[in-house]
Structure formats: C-alpha cells, structure tokens
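**Student:** Have a look at the structure that comes next, please.
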Amino acid sequence: MNTAAQSAGVLSFEEAYQVVRERCRAILETGDRPGEEVLLLHALGRVLAEPVVADRDFPPFARATRDGFAVRADDLASGVTTLRVVGQVRAGDSYDLPVASGEAVEIMTGAAVPAGADAVVMVEYTERKSKELNHKGHEEAQEPESRKGIADDDHILDIAGQEKAKPKPQEKRTEDFVEIQRAVVTGENVVPPGAEAREGQELLPRGGRLGAAQIALAAAAGKASLRVYRKPRVAILSTGDELVEVAEKPGPSQIRNSNSYSLATLVAECGGEPVQLPIAPDEDGKLTELIQEGLKADMLLLSGGVSMGKFDLVEQALKNLGAQFFFTGALIQPGKPVVFGEAGPIPFFGLPGNPVSVMVTFELFARQMVEALSGAEPSRLKSASARLKKDFKTKTGLTRFLPAIVSGGLYDPEVEVVLWQGSGDMLAAARANCYLVVPPDREKLAKGEMVTVVMR
Ligand code: AMP
Ligand code: MG
C-alpha cells in the first residue's frame, strides 16, 4: 500500500458515511455561492438561493374542500334540517350576500365559502328539494297589480317600459331547498384564509431543493422565475491505460471509458454540472496535470487507480499535490478502495474503476457532496424495505450493496439480487433498480426476510 493509503484509514461503511456527511455540513455552512435567475420550468432539481415568500394568504379565501352546501353549522344542530338554497358559488366565483340562518349556498370544491356560512356539508349528505310553491299554499308573494308588465311571448315590459327577461315557468313556480341529513361542526370542509401560510410568510426556504411540489408552490405564489444557486462544477477524471473514448475503436485489450458517462449522469441528476476531462493514463506526469485541471472545478471525481496495484497512482499523485485524506478505503463491496479527501478547499473522491463500484460509491458518498456544494442539505440514502425472494449467502466483514431488483406491489415489495459477474458487470447494473444491503455481520439472509435496499 502506498504512503497516502497508510496515512488515512479504512473505515466501516457507517464511519465513512459519517465522515463524508460531516464534511458536507461544514462545506454547506461555509460556502459562499453565487446565484442566478432561472425560469420556473428550468428550476427542477435546483436549489433556492433565496426563500419564496407568500404574496397573499394561503389560501387567500375560505376554501371549500368538498362539493356540497355552505351552511351555518348552528342551523343543523337539531337533526335533519331543510335549508333554503339562495345561490350557487363555483370555483373562481364569489357569492356576495351573507348567508343568513336557514339558508344554504350550493358550493363547489375550491370555491370561496360565502360570509355567514361557516361549514360545508358534503353533497352526499344532502337531498335537493324543489318546492312547487304555487301548488303548495301560494307561498310566493303576489306581485302587486301595478308592477305587472305587459307580456309578449318571451319578454315582459316593466312599468318603465323596459324589456326584461320573462322568468321561465319553472323559476316562477319553484324555489330551491335542500334537506341536510347530517350535522357539521363549525369549520368542517373549510380551510380558513391564511391557514396554510400568511401573506409575507416563508413558503420555501433558502437551500431548499426544487421538485414538482416546490415548483408548484412557487407558481402559486406568482413566481415566474426563481433565484437559485449556480450548479457546482464537478470534474470527472477517468484514469486507466486500458481506456479509450466512446467514439474510438478499442484495441483487443482496451475498453471504452463508460465511467465518465455514469458519473456525469449521476452528477447532473443530483444538481451538479459535470465537466468531463480527457482520460488520464496511468502515468504520474499526465495524471497530475489532469488532476490539477480537475481541481479547478468545485469538486473532483476520479475513477480508477485507487486500488493497490503497481499502476494505481491516484492517491500518491493527490498526496504530492498536498491533498489530505479522510479515508482511503471503506469496508464495503463493491467499492472497497474508495478514497475521500480535500485538496485545498476542493473535495475529491477516488472511486474504484469497476463500473458497478463507481456507481455504488457515488451513491453512497459522492452524491451528498454534490448536493452540499449545490447549497442543499445533503439527502439521506433512499433506503426502503422489501421481502427477500431467495436465500442469500455471503461472507461477513463488509457491508454489501449488491445490484438487485425490487418488484411487487405497494404493500408487498420483493427483492432479488441480480446475478452478476462481479463489480465489472455493467449489464447487472443496468438491469438493477436498487442495491440490496447486506449488513457486515450477516452470513446469510433468508428467503422471506425483510431486508434493506437503497433505491436509485
Ligand atoms: P481500477 O480501479 O483502475 O483498478 O479499475 C478496475 C477496472 O475497472 C479496470 O480494469 C477496468 O476494467 C474498469 N474500468 C476502469 N476505469 C473504467 C472506466 N472509466 N470505464 C469503464 N471501465 C473502467
Ligand atoms: Mg486502473
């Protein structure tokens, strides 16, 4: 093992994870990040550089949460009650008269509950009744003789000679009532104005990551664009004499550089701006030059060259540049030789070159650093539980993160490991949708047991 490797330790997974997390916290607190303005639809995955504030109350009016009738709860205290329907209010409308005792206003979900009403009865607990007044005791007041107009077919001239619409026969003979079959408590099915947030209140904090829910909230607050932090530039440097670029034709013993692509994709996915550097050969001079280039970014990801082989020169090159190491290995599989440190203020990870190792170690360690550099609180690992489909045997000592497939329904997720040819097996990685976690003290996981997976 080279000198750099000796100067920092090999940690358990938990220790290594905590070390990275602490550095993330420190970086998050000290970072002075430039911001930029982006259109709302370009804000997905970005991090707010300033809070989003409510420009009005949320909700701005007493909002009905059900279709039904706006009522005064007191009116319904004595069991089944019939109320007079005095109007209708749809979402976007308002009903401007106060609702008096004995009255109800038909209301739709999302509409403003009129003044006077203090609850909404769901339509399911009501029965609409139309009283035909002329046939039921002449309840309708007779219009005075003097106010009667002269009727033609469709119109009536009132006494001032102005034409007004002739009420339809139905309107003239009926009046609307609703029978309410259930009492409601005050406030039922109504969200009062400002219940979610008051005007001027912070809706989304600085440092919050923007997903669909946050973008929707910003839209509701009238923000057509948002001030977000500039994306951190993450340099990606693949090392290895065996590598050729994707467009080149590999010789018989060469392989294409795919890690630069998995890493660039993962970086972009968690809010960084990937900067792919040319392939570094396993030769000190050129490697050092490219590492120096990479350290001009906000973070450096190296792939390959961190194992104990004769041509694994990455750690030594970094050490020669004055880098400090927080760990030079973690008791995990795949990815055991993973390296984490800082060169000046720039954090770097040396990720083992095997394609699956690169992806696993990015997920476990590097992701949270990209997030911290974006100005966001680093997210936790996306762990979930699933029932193991088949017995699984292994050796103790390492925490394993094995490509696996979670399937099954909402309440009965199942998981099985993908058969693989080791940590170089990219097909296994591409088939998997998660990593099965095997704790370091377990030799066997039994079929049917609930196990932990890290989703990706
Ligand atoms: P290393 O960590 O440098 O010993 O690399 C381990 C193995 O991973 C190599 O032998 C390659 O097969 C593979 N490998 C390394 N770098 C890359 C890369 N950039 N893209 C694809 N495979 C790689
Ligand atoms: Mg190598």
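Starting from 1 in every chain, residues are counted up; chains themselves are A, B, ... following the order of the structure tokens, and ligands are numbered from 1 as listed.
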Would you mind listing, for every residue of chain A within 8 Å of ligand 1, the two atoms forming the shortest contact and the distance between them in Å to one decimal, using only C-alpha atoms and all ligand atoms, sorted by chain and ascending residue number, as a tab-separated table?
**Tutor:**
```
residue	atom	partner	partner_atom_place_in_ligand_line	distance
A:Ser238	CA	ligand 1	19 (N)	4.7
A:Thr239	CA	ligand 1	16 (N)	6.1
A:Gly240	CA	ligand 1	3 (O)	5.8
A:Glu242	CA	ligand 1	11 (C)	7.2
A:Leu243	CA	ligand 1	19 (N)	6.5
A:Ile255	CA	ligand 1	21 (C)	6.7
A:Arg256	CA	ligand 1	20 (N)	6.0
A:Asn257	CA	ligand 1	20 (N)	3.8
A:Ser258	CA	ligand 1	20 (N)	4.0
A:Asn259	CA	ligand 1	20 (N)	4.1
A:Ser260	CA	ligand 1	19 (N)	5.8
A:Ile279	CA	ligand 1	19 (N)	7.8
A:Ser303	CA	ligand 1	16 (N)	5.9
A:Gly304	CA	ligand 1	3 (O)	3.3
A:Gly305	CA	ligand 1	3 (O)	3.9
A:Val306	CA	ligand 1	2 (O)	5.7
A:Ser307	CA	ligand 1	4 (O)	5.7
A:Gly309	CA	ligand 1	4 (O)	7.2
A:Asp312	CA	ligand 1	3 (O)	6.4
A:Leu351	CA	ligand 1	2 (O)	7.3
A:Pro352	CA	ligand 1	2 (O)	4.1
A:Gly353	CA	ligand 1	2 (O)	3.4
A:Asn354	CA	ligand 1	8 (O)	3.3
A:Pro355	CA	ligand 1	22 (N)	5.3
A:Gly424	CA	ligand 1	8 (O)	6.2
```
**Student:** Now that the selection is made, can you save its residues with N, CA, C and O atoms as a compact mmCIF listing (two decimals), in the first residue's frame?
**Tutor:**
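Final file, selection_14.txt:
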```
# COMPACT_ATOMS: atom_id res chain seq x y z
N SER A 238 -11.47 10.05 -15.55
CA SER A 238 -11.28 8.59 -15.59
C SER A 238 -9.82 8.30 -15.86
O SER A 238 -9.22 8.90 -16.75
N THR A 239 -9.29 7.38 -15.08
CA THR A 239 -7.89 7.03 -15.25
C THR A 239 -7.77 5.57 -15.70
O THR A 239 -8.59 4.73 -15.29
N GLY A 240 -6.78 5.28 -16.49
CA GLY A 240 -6.52 3.89 -16.87
C GLY A 240 -5.96 3.80 -18.27
O GLY A 240 -6.55 4.34 -19.21
N GLU A 242 -5.97 1.33 -20.09
CA GLU A 242 -6.79 0.44 -20.94
C GLU A 242 -7.95 1.18 -21.62
O GLU A 242 -8.67 0.61 -22.42
N LEU A 243 -8.14 2.45 -21.27
CA LEU A 243 -9.36 3.14 -21.70
C LEU A 243 -9.21 3.88 -23.02
O LEU A 243 -8.16 4.46 -23.31
N ILE A 255 -10.79 -1.06 -23.38
CA ILE A 255 -12.24 -0.91 -23.16
C ILE A 255 -12.60 0.57 -23.27
O ILE A 255 -11.74 1.44 -23.17
N ARG A 256 -13.87 0.80 -23.50
CA ARG A 256 -14.31 2.19 -23.62
C ARG A 256 -14.52 2.79 -22.24
O ARG A 256 -14.90 2.10 -21.29
N ASN A 257 -14.29 4.07 -22.17
CA ASN A 257 -14.48 4.81 -20.93
C ASN A 257 -15.97 5.04 -20.70
O ASN A 257 -16.56 5.98 -21.21
N SER A 258 -16.58 4.16 -19.95
CA SER A 258 -18.01 4.35 -19.66
C SER A 258 -18.23 5.06 -18.32
O SER A 258 -19.26 5.70 -18.11
N ASN A 259 -17.27 4.98 -17.42
CA ASN A 259 -17.47 5.59 -16.10
C ASN A 259 -17.68 7.09 -16.17
O ASN A 259 -18.43 7.66 -15.39
N SER A 260 -17.01 7.73 -17.13
CA SER A 260 -17.20 9.18 -17.24
C SER A 260 -18.66 9.50 -17.54
O SER A 260 -19.14 10.58 -17.20
N ILE A 279 -9.26 11.28 -20.73
CA ILE A 279 -8.78 10.11 -19.98
C ILE A 279 -7.35 10.33 -19.50
O ILE A 279 -6.50 10.81 -20.26
N SER A 303 -12.05 8.24 -11.35
CA SER A 303 -12.41 6.83 -11.44
C SER A 303 -11.16 6.04 -11.75
O SER A 303 -10.37 6.40 -12.62
N GLY A 304 -10.99 4.95 -10.98
CA GLY A 304 -9.87 4.04 -11.21
C GLY A 304 -8.60 4.49 -10.50
O GLY A 304 -8.50 5.60 -9.98
N GLY A 305 -7.66 3.57 -10.47
CA GLY A 305 -6.32 3.92 -9.98
C GLY A 305 -6.20 4.07 -8.47
O GLY A 305 -5.24 4.66 -7.98
N VAL A 306 -7.19 3.56 -7.72
CA VAL A 306 -7.10 3.71 -6.26
C VAL A 306 -6.90 2.38 -5.54
O VAL A 306 -6.91 2.34 -4.31
N SER A 307 -6.75 1.31 -6.31
CA SER A 307 -6.51 0.01 -5.66
C SER A 307 -5.04 -0.11 -5.30
O SER A 307 -4.30 0.88 -5.31
N GLY A 309 -2.69 -1.88 -6.86
CA GLY A 309 -1.83 -2.32 -7.95
C GLY A 309 -0.66 -1.37 -8.18
O GLY A 309 -0.65 -0.23 -7.70
N ASP A 312 -1.66 1.92 -9.77
CA ASP A 312 -2.72 2.71 -9.13
C ASP A 312 -2.07 3.92 -8.48
O ASP A 312 -1.60 3.86 -7.34
N LEU A 351 -12.80 7.01 -6.87
CA LEU A 351 -13.75 5.89 -6.91
C LEU A 351 -13.12 4.71 -7.65
O LEU A 351 -12.48 4.90 -8.70
N PRO A 352 -13.26 3.52 -7.13
CA PRO A 352 -12.70 2.35 -7.81
C PRO A 352 -13.28 2.22 -9.21
O PRO A 352 -14.48 2.47 -9.42
N GLY A 353 -12.44 1.81 -10.16
CA GLY A 353 -12.81 1.90 -11.57
C GLY A 353 -13.86 0.93 -12.07
O GLY A 353 -14.47 1.16 -13.12
N ASN A 354 -14.08 -0.15 -11.35
CA ASN A 354 -15.10 -1.08 -11.85
C ASN A 354 -16.44 -0.37 -11.98
O ASN A 354 -16.85 0.36 -11.07
N PRO A 355 -17.11 -0.55 -13.10
CA PRO A 355 -18.33 0.24 -13.37
C PRO A 355 -19.39 0.19 -12.28
O PRO A 355 -20.04 1.20 -12.01
N GLY A 424 -17.50 -5.56 -12.21
CA GLY A 424 -17.29 -5.02 -13.53
C GLY A 424 -18.49 -5.25 -14.44
O GLY A 424 -18.49 -4.83 -15.60
```
**Student:** Can you pull out the residues contacting range 317-331 of chain A? Cut-off 7 Å, using only C-alpha atoms, and skip same-chain residues under 2 positions away; I want them as a VMD selection string.
**Tutor:** chain A and resid 4 to 5 8 to 13 16 284 288 313 to 315 336 to 344 398 to 399
**Student:** Give me a file of those residues, with C-alpha atoms, as a short mmCIF file (atom, residue, chain, number, x, y, z; two decimals), in the first residue's frame.
**Tutor:**
```cif
data_model
loop_
_atom_site.label_atom_id
_atom_site.label_comp_id
_atom_site.auth_asym_id
_atom_site.auth_seq_id
_atom_site.Cartn_x
_atom_site.Cartn_y
_atom_site.Cartn_z
CA ALA A 4 -1.06 8.09 1.23
CA ALA A 5 -3.08 5.00 1.90
CA ALA A 8 -5.60 7.64 6.45
CA GLY A 9 -7.67 4.71 7.49
CA VAL A 10 -10.01 2.16 6.08
CA LEU A 11 -13.34 2.81 7.76
CA SER A 12 -16.52 0.87 8.23
CA PHE A 13 -19.36 1.93 5.96
CA ALA A 16 -17.05 6.58 6.18
CA ASP A 284 2.33 10.26 -13.00
CA THR A 288 -1.04 15.01 -12.08
CA LEU A 313 -1.18 6.14 -8.85
CA VAL A 314 -4.11 8.37 -7.96
CA GLU A 315 -3.61 8.61 -4.20
CA LYS A 336 -13.68 -1.05 -1.01
CA PRO A 337 -10.71 1.05 -2.22
CA VAL A 338 -12.81 4.28 -2.29
CA VAL A 339 -10.88 7.40 -1.27
CA PHE A 340 -12.16 10.69 0.11
CA GLY A 341 -10.23 13.87 0.80
CA GLU A 342 -9.74 17.52 0.05
CA ALA A 343 -7.08 19.29 -1.95
CA GLY A 344 -7.12 22.82 -0.60
CA LEU A 398 -18.13 -5.99 4.54
CA THR A 399 -21.35 -4.05 4.11
#
```
**Student:** Quick one: distance from CA of Gly408 in chain A to CA of Leu388 in chain A in Å, one decimal?
**Tutor:** 11.3 Å
**Student:** I need the strand (DSSP E) residues of range 15-256 of chain A per DSSP on the backbone, written as a ChimeraX atom specification.
**Tutor:** /A:35-39,52-53,63-64,68-71,81-89,103-107,119-122,126-132,150-151,155-157,163-165,174-180,190-191,202-204,225-229,233-238,243-244,255-256
**Student:** Do you know which residues are at most 12 Å from range 379-381 of chain A counting only C-alpha atoms, after dropping those on the same chain fewer than 5 positions away, and could you put them as an mmCIF file with C-alpha atoms, in the first residue's frame?
**Tutor:**
```
data_model
loop_
_atom_site.group_PDB
_atom_site.id
_atom_site.type_symbol
_atom_site.label_atom_id
_atom_site.label_comp_id
_atom_site.auth_asym_id
_atom_site.auth_seq_id
_atom_site.Cartn_x
_atom_site.Cartn_y
_atom_site.Cartn_z
ATOM 1 C CA GLU A 14 -21.083 3.874 8.751
ATOM 2 C CA TYR A 17 -20.591 7.779 5.568
ATOM 3 C CA GLN A 18 -20.496 9.960 8.678
ATOM 4 C CA VAL A 20 -18.462 12.492 4.354
ATOM 5 C CA ARG A 21 -21.600 13.847 5.956
ATOM 6 C CA CYS A 24 -20.758 18.118 3.657
ATOM 7 C CA ARG A 25 -22.212 20.013 6.626
ATOM 8 C CA GLY A 208 -34.456 24.009 -0.454
ATOM 9 C CA ARG A 209 -34.267 21.732 -3.451
ATOM 10 C CA CYS A 270 -28.291 15.445 -8.297
ATOM 11 C CA VAL A 360 -22.297 2.375 -5.809
ATOM 12 C CA THR A 361 -19.625 4.581 -4.263
ATOM 13 C CA PHE A 362 -21.063 7.640 -5.970
ATOM 14 C CA GLU A 363 -24.466 6.814 -4.485
ATOM 15 C CA LEU A 364 -23.128 6.127 -1.005
ATOM 16 C CA PHE A 365 -20.689 9.015 -0.678
ATOM 17 C CA ALA A 366 -20.305 11.442 -3.551
ATOM 18 C CA ARG A 367 -23.966 12.275 -4.106
ATOM 19 C CA GLN A 368 -24.321 14.056 -0.807
ATOM 20 C CA MET A 369 -21.248 16.149 -1.516
ATOM 21 C CA VAL A 370 -22.645 17.321 -4.864
ATOM 22 C CA GLU A 371 -25.820 18.247 -3.014
ATOM 23 C CA ALA A 372 -23.950 20.168 -0.304
ATOM 24 C CA SER A 374 -25.273 22.948 -4.623
ATOM 25 C CA CYS A 434 -31.674 -0.776 -6.387
ATOM 26 C CA TYR A 435 -28.876 -2.161 -4.258
ATOM 27 C CA VAL A 437 -27.847 -4.014 1.558
ATOM 28 C CA THR A 452 -32.976 -3.077 3.319
ATOM 29 C CA VAL A 453 -32.419 -1.763 -0.171
ATOM 30 C CA VAL A 454 -31.021 1.516 -1.385
ATOM 31 C CA MET A 455 -33.118 2.759 -4.290
ATOM 32 C CA ARG A 456 -31.501 4.633 -7.141
#
```
**Student:** So how many Å separate CA of Ala297 in chain A and CA of Arg33 in chain A, to one decimal?
**Tutor:**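 Answer for the CA of Ala297 in chain A to CA of Arg33 in chain A separation: 13.6 Å.
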**Student:** Can you work out which one of A:Pro403, A:Pro281, A:Pro345, A:Gly422 has the shortest atom-to-atom distance to ligand 2, counting only C-alpha atoms and all ligand atoms?
**Tutor:**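 Closest to ligand 2 of all the choices is A:Pro281.
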**Student:** Find the residues around range 186-198 of chain A up to 7 Å (only C-alpha atoms counted), leave out those fewer than 4 positions away in its own chain, and share them as an MDAnalysis selection string.
**Tutor:** chainID A and resid 54 56:66 73 118:120
**Student:** For all heavy atoms, I'd like the residues from the last selection saved as a tab-separated table (two decimals), in the first residue's frame.
**Tutor:**
```
chain	number	residue	atom	x	y	z
A	54	ALA	N	-44.85	34.13	0.62
A	54	ALA	CA	-46.26	34.20	0.22
A	54	ALA	C	-46.63	35.63	-0.15
A	54	ALA	O	-46.43	36.55	0.64
A	54	ALA	CB	-47.15	33.70	1.35
A	56	ARG	N	-49.65	36.52	-0.78
A	56	ARG	CA	-51.00	36.69	-0.22
A	56	ARG	C	-51.23	35.53	0.75
A	56	ARG	O	-50.39	34.64	0.85
A	56	ARG	CB	-52.05	36.68	-1.35
A	56	ARG	CG	-52.08	35.37	-2.11
A	56	ARG	CD	-52.58	35.46	-3.55
A	56	ARG	NE	-53.96	35.81	-3.67
A	56	ARG	CZ	-54.86	35.17	-4.44
A	56	ARG	NH1	-54.49	34.11	-5.15
A	56	ARG	NH2	-56.09	35.58	-4.53
A	57	ASP	N	-52.37	35.56	1.42
A	57	ASP	CA	-52.66	34.44	2.31
A	57	ASP	C	-52.84	33.15	1.50
A	57	ASP	O	-53.32	33.17	0.37
A	57	ASP	CB	-53.97	34.70	3.07
A	57	ASP	CG	-53.78	35.68	4.22
A	57	ASP	OD1	-52.62	36.04	4.51
A	57	ASP	OD2	-54.80	36.08	4.81
A	58	PHE	N	-52.46	32.03	2.10
A	58	PHE	CA	-52.69	30.70	1.50
A	58	PHE	C	-53.59	29.92	2.43
A	58	PHE	O	-53.17	29.62	3.53
A	58	PHE	CB	-51.36	29.95	1.35
A	58	PHE	CG	-50.63	30.26	0.08
A	58	PHE	CD1	-50.10	31.50	-0.15
A	58	PHE	CD2	-50.47	29.27	-0.89
A	58	PHE	CE1	-49.42	31.78	-1.32
A	58	PHE	CE2	-49.80	29.54	-2.06
A	58	PHE	CZ	-49.27	30.79	-2.28
A	59	PRO	N	-54.79	29.55	2.10
A	59	PRO	CA	-55.47	30.00	0.90
A	59	PRO	C	-55.89	31.47	1.06
A	59	PRO	O	-56.02	31.95	2.17
A	59	PRO	CB	-56.71	29.09	0.81
A	59	PRO	CG	-56.95	28.65	2.19
A	59	PRO	CD	-55.63	28.60	2.88
A	60	PRO	N	-56.14	32.15	-0.06
A	60	PRO	CA	-56.47	33.58	0.01
A	60	PRO	C	-57.91	33.82	0.48
A	60	PRO	O	-58.23	34.95	0.83
A	60	PRO	CB	-56.27	34.06	-1.42
A	60	PRO	CG	-56.28	32.85	-2.27
A	60	PRO	CD	-55.95	31.66	-1.43
A	61	PHE	N	-58.73	32.83	0.46
A	61	PHE	CA	-60.13	32.95	0.92
A	61	PHE	C	-60.49	31.63	1.61
A	61	PHE	O	-59.75	30.65	1.49
A	61	PHE	CB	-61.07	33.19	-0.27
A	61	PHE	CG	-60.81	32.27	-1.42
A	61	PHE	CD1	-61.30	30.96	-1.41
A	61	PHE	CD2	-60.04	32.66	-2.51
A	61	PHE	CE1	-61.03	30.09	-2.46
A	61	PHE	CE2	-59.77	31.80	-3.57
A	61	PHE	CZ	-60.26	30.51	-3.54
A	62	ALA	N	-61.59	31.64	2.36
A	62	ALA	CA	-62.03	30.40	3.00
A	62	ALA	C	-62.37	29.41	1.88
A	62	ALA	O	-63.29	29.65	1.10
A	62	ALA	CB	-63.25	30.66	3.87
A	63	ARG	N	-61.62	28.34	1.80
A	63	ARG	CA	-61.75	27.44	0.65
A	63	ARG	C	-62.57	26.21	1.01
A	63	ARG	O	-62.29	25.53	2.00
A	63	ARG	CB	-60.34	27.02	0.21
A	63	ARG	CG	-60.33	26.12	-1.03
A	63	ARG	CD	-58.91	25.77	-1.43
A	63	ARG	NE	-58.25	24.96	-0.44
A	63	ARG	CZ	-56.95	25.00	-0.20
A	63	ARG	NH1	-56.16	25.83	-0.85
A	63	ARG	NH2	-56.43	24.22	0.73
A	64	ALA	N	-63.58	25.95	0.17
A	64	ALA	CA	-64.36	24.72	0.36
A	64	ALA	C	-63.53	23.54	-0.12
A	64	ALA	O	-62.92	23.60	-1.18
A	64	ALA	CB	-65.65	24.81	-0.45
A	65	THR	N	-63.51	22.48	0.68
A	65	THR	CA	-62.73	21.32	0.27
A	65	THR	C	-63.61	20.20	-0.28
A	65	THR	O	-63.13	19.13	-0.61
A	65	THR	CB	-61.92	20.75	1.46
A	65	THR	OG1	-62.84	20.35	2.48
A	65	THR	CG2	-60.96	21.78	2.01
A	66	ARG	N	-64.92	20.49	-0.34
A	66	ARG	CA	-65.85	19.48	-0.86
A	66	ARG	C	-66.91	20.16	-1.72
A	66	ARG	O	-67.23	21.33	-1.52
A	66	ARG	CB	-66.60	18.80	0.30
A	66	ARG	CG	-65.74	17.96	1.18
A	66	ARG	CD	-65.49	16.59	0.54
A	66	ARG	NE	-64.88	15.67	1.49
A	66	ARG	CZ	-63.57	15.54	1.66
A	66	ARG	NH1	-62.74	16.27	0.95
A	66	ARG	NH2	-63.09	14.68	2.53
A	73	ALA	N	-73.30	26.14	10.66
A	73	ALA	CA	-73.32	24.87	11.40
A	73	ALA	C	-74.42	24.85	12.46
A	73	ALA	O	-75.06	23.81	12.67
A	73	ALA	CB	-71.95	24.62	12.03
A	118	ASP	N	-70.23	28.90	7.78
A	118	ASP	CA	-69.00	28.53	8.50
A	118	ASP	C	-68.65	27.05	8.34
A	118	ASP	O	-67.78	26.54	9.01
A	118	ASP	CB	-69.13	28.90	9.99
A	118	ASP	CG	-70.34	28.24	10.65
A	118	ASP	OD1	-70.94	27.34	10.03
A	118	ASP	OD2	-70.69	28.66	11.77
A	119	ALA	N	-69.36	26.36	7.45
A	119	ALA	CA	-69.04	24.95	7.21
A	119	ALA	C	-69.63	24.55	5.85
A	119	ALA	O	-70.47	25.26	5.30
A	119	ALA	CB	-69.64	24.08	8.30
A	120	VAL	N	-69.13	23.42	5.35
A	120	VAL	CA	-69.68	22.89	4.09
A	120	VAL	C	-70.15	21.46	4.37
A	120	VAL	O	-69.42	20.67	4.96
A	120	VAL	CB	-68.63	22.92	2.96
A	120	VAL	CG1	-69.09	22.12	1.75
A	120	VAL	CG2	-68.31	24.36	2.57
```
**Student:** Give me the residues near Leu445 in chain A as a ChimeraX atom specification, where near means some atom within 8 Å (using only C-alpha atoms) and where sequence neighbours in that chain fewer than 5 positions away do not count.
**Tutor:** /A:388,391-393,438
**Student:** What is the distance between CA of Leu300 in chain A and CA of Leu237 in chain A, in Å to one decimal?
**Tutor:**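 That distance, rounded to one decimal, is 7.5 Å.
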**Student:** May I ask which of the residues A:Ala91, A:Val80, A:Leu302, A:Leu263 is the closest one to ligand 2, counting only C-alpha atoms and all ligand atoms?
**Tutor:**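 The shortest atom-to-atom distance to ligand 2 comes from A:Leu302.
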**Student:** Range 7-43 of chain A: which residues are helix (DSSP H, G or I) by DSSP, as a PyMOL selection string?
**Tutor:** chain A and resi 7+13-30+40-42
**Student:** Check the smallest atom-to-atom distance from each of A:Lys129, A:Lys447, A:Arg84, A:Lys310 to ligand 2 using only C-alpha atoms and all ligand atoms, then report the winner.
**Tutor:**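 Looking at the shortest contact to ligand 2, the residue is A:Lys310.
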**Student:** Pick out the residues sitting within 9 Å of Leu226 in chain A, and hand them over as a PyMOL selection string; count only C-alpha atoms, and ignore anything fewer than 4 positions along from it in its own chain.
**Tutor:** chain A and resi 36-40+43+48-50+52+218
**Student:** Give the answer as one residue: which of A:Gly448, A:Leu204, A:Glu289, A:Ile236 has the shortest atom-to-atom distance to Ala219 in chain A, using only C-alpha atoms?
**Tutor:** A:Leu204
**Student:** Rank nothing, just name the residue among A:Glu449, A:Asp241, A:Glu283, A:Glu248 nearest to ligand 2, using only C-alpha atoms and all ligand atoms.
**Tutor:** A:Asp241
**Student:** My list of candidates is A:Gly87, A:Gly35, A:Gly68, A:Gly200. Which is closest to Thr109 in chain A when distances are computed with only C-alpha atoms?
**Tutor:**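 Among the listed residues, the smallest separation from Thr109 in chain A belongs to A:Gly68.
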